[in-house]
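Undergrad: So here's model_25.pdb (PDB, C-alpha atoms).
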```
ATOM      1  CA  MET A   1      14.944 -93.316-134.444
ATOM      2  CA  ASN A   2      15.743 -90.006-132.780
ATOM      3  CA  VAL A   3      14.898 -88.737-129.303
ATOM      4  CA  HIS A   4      16.082 -85.323-128.126
ATOM      5  CA  GLN A   5      15.783 -85.023-124.354
ATOM      6  CA  LEU A   6      15.654 -81.723-122.472
ATOM      7  CA  GLN A   7      14.729 -80.408-119.064
ATOM      8  CA  ILE A   8      12.410 -77.439-118.499
ATOM      9  CA  GLY A   9      13.026 -76.703-114.830
ATOM     10  CA  ASP A  10      11.709 -79.793-113.038
ATOM     11  CA  ILE A  11       9.748 -80.997-116.074
ATOM     12  CA  LYS A  12      11.300 -83.742-118.177
ATOM     13  CA  CYS A  13      10.668 -83.424-121.900
ATOM     14  CA  ALA A  14      11.723 -85.128-125.084
ATOM     15  CA  ILE A  15      11.144 -84.482-128.775
ATOM     16  CA  LEU A  16      10.170 -87.705-130.535
ATOM     17  CA  HIS A  17      10.942 -87.956-134.236
ATOM     18  CA  GLU A  18       7.729 -89.436-135.629
ATOM     19  CA  GLY A  19       9.100 -89.276-139.158
ATOM     20  CA  GLU A  20       8.981 -87.107-142.256
ATOM     21  CA  SER A  21       6.317 -85.830-144.612
ATOM     22  CA  ASP A  22       7.165 -86.475-148.238
ATOM     23  CA  LEU A  23       7.554 -82.994-149.731
ATOM     24  CA  ILE A  24       8.870 -82.038-153.167
ATOM     25  CA  ALA A  25      10.299 -78.540-153.511
ATOM     26  CA  GLY A  26       8.859 -78.111-157.016
ATOM     27  CA  ASN A  27       5.317 -78.715-155.743
ATOM     28  CA  LEU A  28       5.367 -76.403-152.735
ATOM     29  CA  ALA A  29       3.567 -73.536-154.474
ATOM     30  CA  GLN A  30       0.417 -75.687-154.382
ATOM     31  CA  ARG A  31       0.489 -75.294-150.609
ATOM     32  CA  TYR A  32       0.759 -71.494-150.601
ATOM     33  CA  PRO A  33      -2.067 -69.843-152.575
ATOM     34  CA  GLY A  34      -0.991 -66.671-154.340
ATOM     35  CA  VAL A  35       2.716 -67.497-154.073
ATOM     36  CA  THR A  36       4.541 -68.531-157.240
ATOM     37  CA  GLN A  37       6.943 -71.435-157.514
ATOM     38  CA  ALA A  38       9.676 -68.941-158.407
ATOM     39  CA  GLN A  39       9.084 -67.132-155.125
ATOM     40  CA  ILE A  40       9.193 -70.450-153.279
ATOM     41  CA  ASP A  41      12.454 -71.412-154.996
ATOM     42  CA  ARG A  42      14.083 -68.087-154.062
ATOM     43  CA  ALA A  43      12.889 -68.414-150.468
ATOM     44  CA  LEU A  44      14.174 -71.978-150.203
ATOM     45  CA  GLY A  45      17.572 -71.187-151.671
ATOM     46  CA  ASP A  46      19.714 -74.284-151.279
ATOM     47  CA  GLN A  47      17.537 -75.692-148.493
ATOM     48  CA  ARG A  48      15.276 -78.687-148.842
ATOM     49  CA  PRO A  49      11.641 -78.393-147.735
ATOM     50  CA  SER A  50      11.163 -79.268-144.088
ATOM     51  CA  GLY A  51       8.761 -82.127-143.470
ATOM     52  CA  SER A  52       9.772 -83.289-140.022
ATOM     53  CA  LEU A  53       7.122 -84.495-137.571
ATOM     54  CA  ASN A  54       8.286 -83.500-134.083
ATOM     55  CA  LEU A  55       6.169 -84.811-131.205
ATOM     56  CA  PRO A  56       6.824 -83.504-127.694
ATOM     57  CA  TYR A  57       6.755 -85.897-124.753
ATOM     58  CA  ILE A  58       6.240 -84.260-121.354
ATOM     59  CA  TYR A  59       6.489 -85.765-117.883
ATOM     60  CA  SER A  60       4.945 -83.513-115.263
ATOM     61  CA  GLY A  61       3.098 -84.145-112.028
ATOM     62  CA  GLY A  62       3.309 -87.891-112.550
ATOM     63  CA  ALA A  63       1.549 -87.676-115.921
ATOM     64  CA  ARG A  64       3.152 -88.902-119.133
ATOM     65  CA  ILE A  65       1.908 -86.733-121.972
ATOM     66  CA  ILE A  66       2.403 -86.609-125.716
ATOM     67  CA  ALA A  67       1.117 -83.814-127.922
ATOM     68  CA  ASP A  68      -0.345 -85.321-131.111
ATOM     69  CA  VAL A  69       0.266 -88.796-132.493
ATOM     70  CA  GLY A  70       1.581 -88.214-136.007
ATOM     71  CA  PHE A  71       0.761 -90.462-138.925
ATOM     72  CA  GLY A  72       1.430 -93.606-136.938
ATOM     73  CA  ALA A  73       2.804 -96.921-138.083
ATOM     74  CA  ALA A  74      -0.107 -97.477-140.469
ATOM     75  CA  GLY A  75      -0.003 -93.949-141.862
ATOM     76  CA  ARG A  76       2.883 -93.882-144.323
ATOM     77  CA  PRO A  77       6.296 -95.524-144.729
ATOM     78  CA  SER A  78       8.249 -92.381-143.830
ATOM     79  CA  ALA A  79       6.476 -91.959-140.480
ATOM     80  CA  GLY A  80       5.414 -94.117-137.548
ATOM     81  CA  GLY A  81       8.477 -93.621-135.369
ATOM     82  CA  THR A  82       6.748 -92.597-132.150
ATOM     83  CA  GLU A  83       6.633 -96.052-130.586
ATOM     84  CA  ALA A  84      10.320 -96.705-131.292
ATOM     85  CA  ALA A  85      11.197 -93.266-129.923
ATOM     86  CA  LEU A  86       9.259 -93.987-126.741
ATOM     87  CA  GLU A  87      11.155 -97.255-126.363
ATOM     88  CA  LEU A  88      14.397 -95.278-126.250
ATOM     89  CA  LEU A  89      12.934 -93.527-123.191
ATOM     90  CA  GLY A  90      12.037 -96.868-121.614
ATOM     91  CA  LEU A  91       8.334 -96.373-122.314
ATOM     92  CA  ALA A  92       5.601 -98.233-124.142
ATOM     93  CA  PRO A  93       2.474 -96.695-125.735
ATOM     94  CA  ALA A  94       0.418 -98.134-122.863
ATOM     95  CA  ASP A  95       2.398 -95.925-120.443
ATOM     96  CA  ILE A  96       1.038 -92.693-121.945
ATOM     97  CA  ASP A  97      -1.552 -91.089-119.644
ATOM     98  CA  ILE A  98      -2.614 -88.099-121.753
ATOM     99  CA  VAL A  99      -2.724 -87.514-125.488
ATOM    100  CA  TYR A 100      -3.112 -83.801-126.140
ATOM    101  CA  LEU A 101      -4.407 -83.151-129.655
ATOM    102  CA  THR A 102      -3.405 -79.700-130.877
ATOM    103  CA  HIS A 103      -5.638 -80.055-133.944
ATOM    104  CA  PHE A 104      -7.211 -82.720-136.104
ATOM    105  CA  HIS A 105      -5.255 -82.657-139.385
ATOM    106  CA  GLY A 106      -4.247 -86.104-140.558
ATOM    107  CA  ASP A 107      -0.533 -85.805-139.818
ATOM    108  CA  HIS A 108      -1.469 -85.174-136.170
ATOM    109  CA  ILE A 109      -4.235 -87.761-135.628
ATOM    110  CA  ALA A 110      -3.766 -90.667-138.056
ATOM    111  CA  GLY A 111      -1.686 -92.463-135.437
ATOM    112  CA  MET A 112      -4.633 -92.732-133.047
ATOM    113  CA  THR A 113      -4.988 -96.373-134.119
ATOM    114  CA  ASP A 114      -2.428 -99.042-134.906
ATOM    115  CA  SER A 115      -2.193-101.399-137.885
ATOM    116  CA  SER A 116      -4.724-103.776-136.300
ATOM    117  CA  GLY A 117      -7.268-101.000-135.720
ATOM    118  CA  GLY A 118      -6.783-100.862-131.956
ATOM    119  CA  LEU A 119      -5.943 -97.712-130.021
ATOM    120  CA  SER A 120      -2.249 -96.866-130.229
ATOM    121  CA  PHE A 121      -2.329 -95.453-126.684
ATOM    122  CA  PRO A 122      -4.868 -97.690-124.981
ATOM    123  CA  ASN A 123      -4.724 -96.202-121.500
ATOM    124  CA  ALA A 124      -4.651 -92.524-122.423
ATOM    125  CA  ARG A 125      -7.173 -89.777-121.850
ATOM    126  CA  TYR A 126      -7.603 -87.347-124.743
ATOM    127  CA  LEU A 127      -7.572 -83.580-124.418
ATOM    128  CA  THR A 128      -8.316 -80.927-127.031
ATOM    129  CA  THR A 129     -10.214 -77.669-127.423
ATOM    130  CA  ARG A 130     -13.960 -77.585-127.887
ATOM    131  CA  ALA A 131     -13.593 -75.421-131.006
ATOM    132  CA  GLU A 132     -11.387 -78.066-132.608
ATOM    133  CA  TRP A 133     -13.810 -80.861-131.811
ATOM    134  CA  ASP A 134     -16.796 -78.924-133.124
ATOM    135  CA  GLU A 135     -15.073 -77.927-136.378
ATOM    136  CA  TRP A 136     -14.057 -81.434-137.358
ATOM    137  CA  ILE A 137     -17.042 -83.371-136.119
ATOM    138  CA  GLY A 138     -19.081 -80.947-138.219
ATOM    139  CA  ARG A 139     -16.844 -81.313-141.272
ATOM    140  CA  TRP A 140     -16.685 -85.083-141.075
ATOM    141  CA  SER A 141     -20.440 -85.371-140.520
ATOM    142  CA  ALA A 142     -21.080 -83.382-143.695
ATOM    143  CA  SER A 143     -18.677 -85.467-145.777
ATOM    144  CA  SER A 144     -19.154 -88.832-147.457
ATOM    145  CA  ALA A 145     -15.417 -89.389-147.971
ATOM    146  CA  PRO A 146     -14.377 -92.756-146.476
ATOM    147  CA  GLN A 147     -11.515 -91.275-144.437
ATOM    148  CA  ASP A 148     -13.791 -88.584-143.002
ATOM    149  CA  GLN A 149     -16.391 -91.153-142.047
ATOM    150  CA  GLN A 150     -13.702 -93.312-140.472
ATOM    151  CA  ASN A 151     -12.479 -90.351-138.423
ATOM    152  CA  LEU A 152     -16.027 -89.484-137.412
ATOM    153  CA  ASN A 153     -16.705 -93.022-136.227
ATOM    154  CA  LEU A 154     -13.440 -93.219-134.288
ATOM    155  CA  PHE A 155     -13.737 -89.872-132.540
ATOM    156  CA  THR A 156     -17.391 -90.202-131.611
ATOM    157  CA  SER A 157     -16.682 -93.665-130.220
ATOM    158  CA  LEU A 158     -14.021 -92.086-127.988
ATOM    159  CA  GLN A 159     -16.061 -89.070-126.921
ATOM    160  CA  ASP A 160     -16.344 -90.269-123.321
ATOM    161  CA  ARG A 161     -12.538 -90.335-123.103
ATOM    162  CA  PHE A 162     -12.165 -86.746-124.298
ATOM    163  CA  ARG A 163     -11.955 -83.708-122.066
ATOM    164  CA  PHE A 164     -12.143 -80.203-123.479
ATOM    165  CA  VAL A 165      -9.707 -77.527-122.337
ATOM    166  CA  SER A 166      -9.405 -73.812-123.018
ATOM    167  CA  ALA A 167      -6.531 -71.396-123.482
ATOM    168  CA  GLY A 168      -4.934 -70.727-120.110
ATOM    169  CA  GLY A 169      -6.035 -74.088-118.744
ATOM    170  CA  GLU A 170      -3.418 -76.304-117.126
ATOM    171  CA  ILE A 171      -3.298 -79.946-118.265
ATOM    172  CA  ALA A 172      -0.497 -80.857-115.833
ATOM    173  CA  PRO A 173       1.617 -78.806-113.420
ATOM    174  CA  GLY A 174       3.416 -76.167-115.479
ATOM    175  CA  VAL A 175       1.812 -77.223-118.778
ATOM    176  CA  THR A 176      -0.692 -74.667-120.060
ATOM    177  CA  VAL A 177      -2.857 -74.509-123.195
ATOM    178  CA  VAL A 178      -2.101 -71.654-125.630
ATOM    179  CA  ASP A 179      -4.547 -70.327-128.232
ATOM    180  CA  LEU A 180      -3.127 -70.564-131.788
ATOM    181  CA  ALA A 181      -6.420 -70.485-133.701
ATOM    182  CA  GLY A 182      -6.367 -69.859-137.432
ATOM    183  CA  HIS A 183      -4.628 -72.876-138.905
ATOM    184  CA  THR A 184      -7.723 -74.638-137.618
ATOM    185  CA  LEU A 185     -10.451 -73.018-135.552
ATOM    186  CA  GLY A 186      -9.271 -74.693-132.363
ATOM    187  CA  HIS A 187      -5.550 -74.978-133.134
ATOM    188  CA  SER A 188      -3.655 -74.767-129.854
ATOM    189  CA  GLY A 189      -0.194 -75.180-128.423
ATOM    190  CA  LEU A 190       1.367 -75.724-125.022
ATOM    191  CA  LEU A 191       3.488 -73.527-122.774
ATOM    192  CA  ILE A 192       5.769 -75.563-120.532
ATOM    193  CA  GLU A 193       7.320 -73.619-117.659
ATOM    194  CA  SER A 194       9.170 -74.574-114.495
ATOM    195  CA  GLY A 195      11.944 -73.044-112.431
ATOM    196  CA  GLY A 196      12.197 -69.997-114.672
ATOM    197  CA  ASP A 197      12.591 -72.096-117.838
ATOM    198  CA  ARG A 198       9.968 -71.907-120.582
ATOM    199  CA  LEU A 199       9.267 -73.779-123.814
ATOM    200  CA  LEU A 200       6.441 -72.749-126.156
ATOM    201  CA  HIS A 201       5.153 -75.442-128.495
ATOM    202  CA  LEU A 202       3.802 -73.588-131.528
ATOM    203  CA  VAL A 203       2.851 -76.699-133.524
ATOM    204  CA  ASP A 204       1.712 -75.662-137.042
ATOM    205  CA  LEU A 205       2.004 -71.905-136.611
ATOM    206  CA  LEU A 206       4.096 -72.211-139.765
ATOM    207  CA  HIS A 207       5.275 -75.093-141.913
ATOM    208  CA  GLN A 208       8.502 -74.013-143.610
ATOM    209  CA  PRO A 209      11.481 -71.938-142.440
ATOM    210  CA  PHE A 210      10.815 -69.349-145.157
ATOM    211  CA  GLN A 211       7.556 -68.385-143.434
ATOM    212  CA  PHE A 212       9.530 -66.605-140.711
ATOM    213  CA  ALA A 213      10.453 -63.989-143.300
ATOM    214  CA  HIS A 214       7.140 -64.316-145.174
ATOM    215  CA  THR A 215       4.532 -64.387-142.436
ATOM    216  CA  ASP A 216       1.843 -63.318-144.931
ATOM    217  CA  TRP A 217       2.277 -66.462-147.053
ATOM    218  CA  ARG A 218      -0.881 -68.372-146.222
ATOM    219  CA  PHE A 219      -1.047 -72.148-146.041
ATOM    220  CA  ALA A 220      -3.560 -73.989-148.214
ATOM    221  CA  PHE A 221      -4.921 -76.016-145.296
ATOM    222  CA  ASP A 222      -5.591 -73.055-142.991
ATOM    223  CA  SER A 223      -9.229 -72.940-141.882
ATOM    224  CA  ASP A 224      -9.049 -69.160-141.408
ATOM    225  CA  PRO A 225      -6.025 -67.819-143.351
ATOM    226  CA  ASN A 226      -6.348 -64.231-142.131
ATOM    227  CA  ARG A 227      -6.547 -65.258-138.506
ATOM    228  CA  ALA A 228      -3.682 -67.713-139.007
ATOM    229  CA  ALA A 229      -1.449 -64.911-140.332
ATOM    230  CA  GLU A 230      -2.367 -62.644-137.415
ATOM    231  CA  THR A 231      -1.693 -65.437-134.921
ATOM    232  CA  ARG A 232       1.641 -66.188-136.595
ATOM    233  CA  VAL A 233       2.889 -62.607-136.218
ATOM    234  CA  ARG A 234       1.605 -62.321-132.646
ATOM    235  CA  ALA A 235       3.200 -65.566-131.470
ATOM    236  CA  LEU A 236       6.523 -64.987-133.243
ATOM    237  CA  ARG A 237       6.751 -61.501-131.762
ATOM    238  CA  GLN A 238       6.094 -62.939-128.301
ATOM    239  CA  CYS A 239       8.892 -65.458-128.792
ATOM    240  CA  ALA A 240      11.309 -62.730-129.873
ATOM    241  CA  ASP A 241      10.292 -60.223-127.194
ATOM    242  CA  GLU A 242      10.419 -62.752-124.365
ATOM    243  CA  ASN A 243      13.388 -64.765-125.687
ATOM    244  CA  LEU A 244      11.327 -67.933-125.501
ATOM    245  CA  MET A 245      12.562 -71.299-126.605
ATOM    246  CA  ALA A 246      10.103 -72.468-129.253
ATOM    247  CA  LEU A 247       9.191 -75.838-130.694
ATOM    248  CA  PHE A 248       7.608 -76.322-134.116
ATOM    249  CA  TYR A 249       6.047 -79.547-135.355
ATOM    250  CA  HIS A 250       7.432 -79.258-138.904
ATOM    251  CA  MET A 251      10.816 -77.525-138.565
ATOM    252  CA  PRO A 252      13.892 -79.701-139.162
ATOM    253  CA  TYR A 253      14.250 -82.142-136.273
ATOM    254  CA  PRO A 254      14.169 -81.526-133.351
ATOM    255  CA  GLY A 255      12.346 -78.294-134.210
ATOM    256  CA  LEU A 256      13.745 -76.312-131.267
ATOM    257  CA  GLY A 257      15.137 -72.798-131.389
ATOM    258  CA  THR A 258      14.573 -69.127-130.768
ATOM    259  CA  VAL A 259      13.082 -66.315-132.840
ATOM    260  CA  SER A 260      14.752 -62.966-133.417
ATOM    261  CA  ILE A 261      13.794 -59.836-135.323
ATOM    262  CA  LYS A 262      16.209 -57.980-137.611
ATOM    263  CA  ASP A 263      15.144 -55.038-139.762
ATOM    264  CA  GLY A 264      11.527 -55.925-139.097
ATOM    265  CA  VAL A 265      11.926 -59.520-140.305
ATOM    266  CA  PHE A 266      11.590 -62.631-138.137
ATOM    267  CA  HIS A 267      14.502 -65.080-138.140
ATOM    268  CA  TRP A 268      14.658 -68.684-136.927
ATOM    269  CA  ASN A 269      17.685 -69.682-134.866
ATOM    270  CA  PRO A 270      17.790 -73.481-134.433
ATOM    271  CA  SER A 271      19.223 -74.483-131.088
ATOM    272  CA  ALA A 272      19.923 -78.151-131.740
TER     273      ALA A 272
END
```
Once you've parsed the file, please lay out its structure as structure tokens.

TA:
Amino acid sequence: MNVHQLQIGDIKCAILHEGESDLIAGNLAQRYPGVTQAQIDRALGDQRPSGSLNLPYIYSGGARIIADVGFGAAGRPSAGGTEAALELLGLAPADIDIVYLTHFHGDHIAGMTDSSGGLSFPNARYLTTRAEWDEWIGRWSASSAPQDQQNLNLFTSLQDRFRFVSAGGEIAPGVTVVDLAGHTLGHSGLLIESGGDRLLHLVDLLHQPFQFAHTDWRFAFDSDPNRAAETRVRALRQCADENLMALFYHMPYPGLGTVSIKDGVFHWNPSA
């Protein structure tokens, strides 16, 4: 299991490799409405689809934080590596103080519980945006699907352990919430800054490397596709203009790099 450690000023961070989503290149067009498989194939070239699940661990102000929990050990065979990755840092799930949920899609929340049904991070407080909570509690309440009802029961049972935060709010010293709404209505990231160093976690701003060049290619699971596309361009331009180190949840592990612009097109420059 992989752990990529880095230092942002005085803040210790690590990228935990939770695992991989099982993606087939020939099926990717199903995920991008209005884009043909031929267009996908040309954009991919000789690359394989990226399905990495990259979870940031942050240690700041005495708080041990992870952003999202992945599929978890019970989620799927190709995932569930967070606990083993934490062990490489000398940590156990019970050591995590804060679980920050960027949004409530399954590959970010399924690992809330372990294979026995208990909480994977039993001592953690949970933070998210109010817009994210409201969207999914509403969706799950209106659905009779077993998984939706299971999510509804779990999250409402934990409501007292949740705290809602807004863009610009600080969850630990130097760790600030960033609005990335569009992919979901409360989709958010984190800006980590200390000592002049900055890392911007952009989570699911995009899902494949070819979306840097094709920012208008919408993702099938976006709650608000138009807003998601606008947010994507805005955030990528910020990264390029400010030379920010960026982290993406689904880019090839560890998902770190910078963004540049050439001839009006965004480019991804992996740094590790």

Undergrad: As a PyMOL selection string, please: the residues near region 36-53 of chain A (cut-off 10 Å, only C-alpha atoms, same-chain neighbours under 5 positions excluded).

TA: chain A and resi 15-30+68-71+78-82+107-108+203+207-211+213-214+248-255

Undergrad: Using only C-alpha atoms, I'd like a table of the residues in region 16-125 of chain A that come within 10 Å of region 151-157 of chain A; for each, show the closest atom pair and its distance in Å rounded to one decimal, ordered by chain and ascending number, as a tab-separated table.

TA:
```
residue	atom	partner	partner_atom	distance
A:Phe104	CA	A:Asn151	CA	9.6
A:Gly106	CA	A:Asn151	CA	9.5
A:Ile109	CA	A:Asn151	CA	9.1
A:Ala110	CA	A:Asn151	CA	8.7
A:Met112	CA	A:Leu154	CA	8.9
A:Thr113	CA	A:Leu154	CA	9.0
A:Leu119	CA	A:Leu154	CA	9.7
```

Undergrad: Could you turn the residues from that selection into a file that holds C-alpha atoms, as a PDB file, keeping the file's coordinate frame?

TA:
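New file part-v4.pdb:
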```pdb
ATOM      1  CA  PHE A 104      -7.211 -82.720-136.104  1.00  0.00           C
ATOM      2  CA  GLY A 106      -4.247 -86.104-140.558  1.00  0.00           C
ATOM      3  CA  ILE A 109      -4.235 -87.761-135.628  1.00  0.00           C
ATOM      4  CA  ALA A 110      -3.766 -90.667-138.056  1.00  0.00           C
ATOM      5  CA  MET A 112      -4.633 -92.732-133.047  1.00  0.00           C
ATOM      6  CA  THR A 113      -4.988 -96.373-134.119  1.00  0.00           C
ATOM      7  CA  LEU A 119      -5.943 -97.712-130.021  1.00  0.00           C
TER       8      LEU A 119
END
```

Undergrad: How many Å separate CA of Leu101 (chain A) from CA of Gly169 (chain A)?

TA: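 Going from CA of Leu101 (chain A) over to CA of Gly169 (chain A) covers 14.3 Å.
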
Undergrad: Quick one: distance from CA of Gly195 (chain A) to CA of Val175 (chain A) in Å, one decimal?

TA: 12.7 Å

Undergrad: Which residues are near Val178 (chain A)? Cut-off 12 Å, all atoms listed in the file, ignore same chain within fewer than 5 positions. Put them as a VMD selection string.

TA: chain A and resid 102 128 to 129 165 to 171 186 to 192 199 to 203 205 231 235

Undergrad: What lies within 10 Å of Tyr126 (chain A) using only C-alpha atoms, ignoring chain neighbours under 6 positions off, as an MDAnalysis selection string?

TA: chainID A and resid 65 67:68 97:101 158:164

Undergrad: Calculate how many Å separate CA of His103 (chain A) from CA of Gly117 (chain A), rounding to one decimal.

TA: 21.1 Å

Undergrad: Run the PyMOL selection byres ((chain A and resi 10) around 12) against the file shown and list the residues it catches, as a PyMOL selection string.

TA: chain A and resi 6-9+11-13+58-62+173-175+192-198
